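**Q** I am attaching a structure below and will ask some questions about it afterwards.
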Amino acid sequence: MAYDFDLFVIGAGSGGVRAARFAAGFGAKVAVAESRYLGGTCVNVGCVPKKLLVYGAHVADELEQAAGYGWSLEAGHFDWGTLIANKNREIERLNGIYRNLLVNSGVTLLQGHARITGAHELEVEGQRYTAEHILIATGGWPQVPDIPGKDLAITSNEAFYLKDLPRRVLVVGGGYIAVEFAGIFQGLGAATTLLYRGDLFLRGFDGSVRTHLKEELEKRGLDLQFNADIQRIDKLEDGSLKATLKDGRELVADCVFYATGRRPMLDNLGLENTGVELDERGYVRVDDQYQTTAPSILAIGDVIGRVQLTPVALAEGMAVARRLFKPEQYRPVDYQNIPTAVFSQPPIGTVGLTEEQALEAGHKVNIYESRFRAMKLTLTDIQEKTLMKLVVDAQTDKVLGCHMVGPDAGEIIQGLGVALKAGATKQQFDETIGVHPTAAEEFVTLRTITR
């Protein structure tokens with residue numbers, strides 16, 4: 001049977017665009033359908049605008065540190081509207097770049113909602129298309145618990161387009177998005193409270209990292225409330241919001257921001273017309289080659305619920321394009337030792353196993369841990385501490401994990417990701433000459449076993 005397209009991609013986010021571009025480059029006839037915005041969550045309401053807001057929030061730190069270096073500055077004024085307008089302009093520029101990447105690759109771009117109507121058939125805005133392969137890359141969507149007043153809360157989708165900076169913010173959640181936005185709101189001047197129903201945020205991260213960040217956020221004056229959850233939200237006469245907690249306490253704020261998880265975006269996708277199955281968590285079930293239970297349909301990215309990070313979706317998109325259209329170049333995605341960062345304030349960088357994971361896996365470990373005041377702060381009154389930690393296999397000397405909390409953690413951890421991927425040992429770390437004076441050299445000068 002002759003199909004309209006060799007590959008039809010639903011979703012123009014990071015993974016979908018990567019798969020489409022490279023499949024077209026390998027000679028396939030490709031279409032992409034997108035109903036919202038080019039670039040997906042990351043470019044529009046995720047990593048990119050979030051990092052821009054983090055930069056904006058961090059300016060307050062730079063101004064505070066300036067006096068120690070001889071700069072006399074008048075009290076500044078922050079304008080939320082300017083930051084958001086400039087952010088919007090940059091996102092629009094990136095949208096255009098994504099459009100050009102697709103079109104210049106020879107991909108047919110269809111702007112509209114795609115619905116699968118059969119194993120090889122789709123419909124976009126009333127127009128029917130056929131494809132040999134269909135790739136689902138529709139990503140995720142933030143969700144708010146079903147509580148009274150849930151419609152009064154916002155998520156990351158709305159936070160990037162707030163007209164004004166709220167004076168008082170309740171951030172609900174314990175994952176990296178909650179921690180990052182708590183830092184953004186507080187850094188830009190809002191009185192911020194972070195509520196989390198568990199004992200300590202960032203479950204799954206190294207215990208030392210979680211504890212250290214908690215201490216540093218408290219130094220900054222962020223109100224952390226653990227073992228706390230909202231039962232209902234009500235709007236008061238003055239327009240503010242009252243959050244009633246499950247323990248009976250009441251908190252009043254101008255904004256309640258939820259970051260309590262994301263769900264796969266499968267709305268009106270037409271999966272009932274296919275043999276595609278979902279797993280027990282509601283994500284699309286795929287095998288190691290991203291093949292769903294329907295032979296002609298594949299899925300990648302957040303919609304499959306594996307490692308929900310933009311670079312991972314990019315790698316998965318590349319793997320699909322190669323396997324289908326350039327098999328001699330195909331290689332599976334390696335999910336081990338994926339470096340990642342949390343752009344909290346201070347930020348986290350991590351790669352490899354946590355101390356807890358290493359012990360659970362049966363390793364006997366040596367822990368090397370250092371806390372120190374960064375050189376940049378020595379001429380200031382700021383007492384923030386940086387944490388660096390290595391988890392080392394005591395028997396093989398192999399470095400199993402690297403963890404950092406402090407300025408530029410994300411930048412530093414990228415290079416260590418290469419080292420762990422290459423199987424570096426602690427001796428090789430020790431024999432590497434450090435760059436002086438930097439914080440990064442601490443990773444190659446840790447000599448004393450902490451425990």
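Identifiers in the structure tokens: chain A, B, ... in order shown; residue index from 1 per chain; ligand index from 1 in order shown.
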Sorted by chain and rising residue number, list the residues of range 148-190 of chain A at most 12 Å from range 47-59 of chain A (counting only C-alpha atoms), each with its closest atom pair and distance in Å to one decimal, as a tab-separated table.

**A**
residue	atom	partner	partner_atom	distance
A:Ser156	CA	A:Lys50	CA	9.0
A:Asn157	CA	A:Pro49	CA	10.7
A:Ala159	CA	A:Lys50	CA	9.7
A:Phe160	CA	A:Pro49	CA	7.4
A:Tyr161	CA	A:Pro49	CA	10.4
A:Leu165	CA	A:Leu53	CA	11.9
A:Tyr176	CA	A:Cys47	CA	11.4
A:Ile177	CA	A:Lys50	CA	9.2
A:Ala178	CA	A:Lys50	CA	11.6
A:Val179	CA	A:Val54	CA	11.5
A:Glu180	CA	A:Val54	CA	7.9
A:Phe181	CA	A:Lys50	CA	8.1
A:Ala182	CA	A:Val54	CA	10.3
A:Gly183	CA	A:Ala57	CA	7.6
A:Ile184	CA	A:Ala57	CA	5.5
A:Phe185	CA	A:Ala57	CA	7.6
A:Gln186	CA	A:Ala57	CA	7.8
A:Gly187	CA	A:Ala57	CA	4.5
A:Leu188	CA	A:Ala57	CA	4.9
A:Gly189	CA	A:Ala57	CA	8.4
A:Ala190	CA	A:Ala57	CA	10.6

**Q** Can you work out which one of A:Ile449, A:Val405, A:Val307, A:Ala315 has the shortest atom-to-atom distance to Val392 in chain A, counting only C-alpha atoms?

**A** A:Ile449

**Q** Looking only at the backbone, which of the residues in range 121-289 of chain A does DSSP tag as alpha helix (DSSP H), as a PyMOL selection string?

**A** chain A and resi 156-159+176-187+207-219

**Q** Nearest residue to Ala358 in chain A out of A:Ala24, A:Cys402, A:Ala374, A:Cys42, using only C-alpha atoms?

**A**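 Nearest candidate to Ala358 in chain A out of A:Ala24, A:Cys402, A:Ala374, A:Cys42: A:Cys402.
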
**Q** Skipping near chain neighbours, those fewer than 5 positions away, what residues fall within 8 Å of Asn95 in chain A using only C-alpha atoms, listed as a count of residues only?

**A** 4

**Q** Leaving out Thr274 in chain A and any residue of its chain fewer than 6 positions from it, which residues lie within 7 Å of it when counting only C-alpha atoms, given as an NGL selection string?

**A** :A and (118-119 or 294)

**Q** Just N, CA, C and O atoms for this one: save the residues we selected as a compact mmCIF listing (two decimals), in the first residue's frame.

**A**
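Final file, selection_11.txt:
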# COMPACT_ATOMS: atom_id res chain seq x y z
N GLY A 118 -6.98 4.94 12.75
CA GLY A 118 -6.72 3.55 12.39
C GLY A 118 -5.25 3.26 12.51
O GLY A 118 -4.45 4.15 12.85
N ALA A 119 -4.85 2.05 12.22
CA ALA A 119 -3.46 1.65 12.39
C ALA A 119 -2.50 2.51 11.58
O ALA A 119 -1.37 2.77 11.99
N ALA A 294 0.75 -1.69 19.21
CA ALA A 294 0.23 -1.64 17.83
C ALA A 294 1.45 -1.57 16.91
O ALA A 294 2.27 -0.65 17.04

**Q** Looking only at the backbone, which of the residues in range 394-431 of chain A does DSSP tag as strand (DSSP E or B), as a CSV table (one decimal) with all heavy atoms, in the first residue's frame?

**A**
chain,number,residue,atom,x,y,z
A,398,LYS,N,35.6,2.5,41.5
A,398,LYS,CA,34.8,3.2,40.5
A,398,LYS,C,33.9,4.2,41.1
A,398,LYS,O,33.3,4.0,42.1
A,398,LYS,CB,33.9,2.2,39.7
A,398,LYS,CG,33.2,2.8,38.5
A,398,LYS,CD,32.4,1.7,37.7
A,398,LYS,CE,31.7,2.3,36.6
A,398,LYS,NZ,30.9,1.2,35.8
A,399,VAL,N,33.9,5.4,40.5
A,399,VAL,CA,33.0,6.5,41.0
A,399,VAL,C,31.6,6.2,40.5
A,399,VAL,O,31.3,6.1,39.3
A,399,VAL,CB,33.5,7.9,40.4
A,399,VAL,CG1,32.5,9.0,40.9
A,399,VAL,CG2,34.9,8.2,40.9
A,400,LEU,N,30.7,6.0,41.4
A,400,LEU,CA,29.3,5.6,41.1
A,400,LEU,C,28.4,6.8,41.0
A,400,LEU,O,27.4,6.8,40.3
A,400,LEU,CB,28.8,4.7,42.2
A,400,LEU,CG,29.5,3.4,42.5
A,400,LEU,CD1,28.9,2.7,43.6
A,400,LEU,CD2,29.5,2.5,41.2
A,401,GLY,N,28.7,7.9,41.7
A,401,GLY,CA,27.8,9.1,41.7
A,401,GLY,C,28.6,10.4,42.0
A,401,GLY,O,29.5,10.4,42.9
A,402,CYS,N,28.2,11.5,41.4
A,402,CYS,CA,28.7,12.8,41.7
A,402,CYS,C,27.5,13.7,42.0
A,402,CYS,O,26.6,13.7,41.2
A,402,CYS,CB,29.5,13.4,40.6
A,402,CYS,SG,30.9,12.4,40.0
A,403,HIS,N,27.6,14.5,43.1
A,403,HIS,CA,26.5,15.3,43.5
A,403,HIS,C,27.0,16.7,44.0
A,403,HIS,O,28.0,16.7,44.7
A,403,HIS,CB,25.6,14.6,44.6
A,403,HIS,CG,25.2,13.2,44.2
A,403,HIS,ND1,24.2,12.9,43.4
A,403,HIS,CD2,25.8,12.0,44.6
A,403,HIS,CE1,24.1,11.6,43.3
A,403,HIS,NE2,25.1,11.1,44.0
A,404,MET,N,26.2,17.7,43.6
A,404,MET,CA,26.7,19.1,44.0
A,404,MET,C,25.5,20.0,44.2
A,404,MET,O,24.4,19.9,43.5
A,404,MET,CB,27.5,19.7,42.9
A,404,MET,CG,28.0,21.1,43.1
A,404,MET,SD,29.0,21.8,41.8
A,404,MET,CE,29.2,23.5,42.4
A,405,VAL,N,25.6,20.8,45.2
A,405,VAL,CA,24.6,21.9,45.4
A,405,VAL,C,25.5,23.2,45.6
A,405,VAL,O,26.3,23.3,46.5
A,405,VAL,CB,23.8,21.7,46.7
A,405,VAL,CG1,22.8,22.8,46.9
A,405,VAL,CG2,23.1,20.4,46.7
A,425,THR,N,37.6,6.0,37.7
A,425,THR,CA,37.8,5.6,39.1
A,425,THR,C,38.1,6.8,40.0
A,425,THR,O,38.5,7.9,39.4
A,425,THR,CB,38.9,4.6,39.2
A,425,THR,OG1,40.1,5.2,38.8
A,425,THR,CG2,38.6,3.3,38.3

**Q** Identify which of the residues A:Ala12, A:Asp381, A:Leu446, A:Thr396 lies closest to Gly68 in chain A, counting only C-alpha atoms when measuring atom-to-atom distances.

**A** A:Asp381
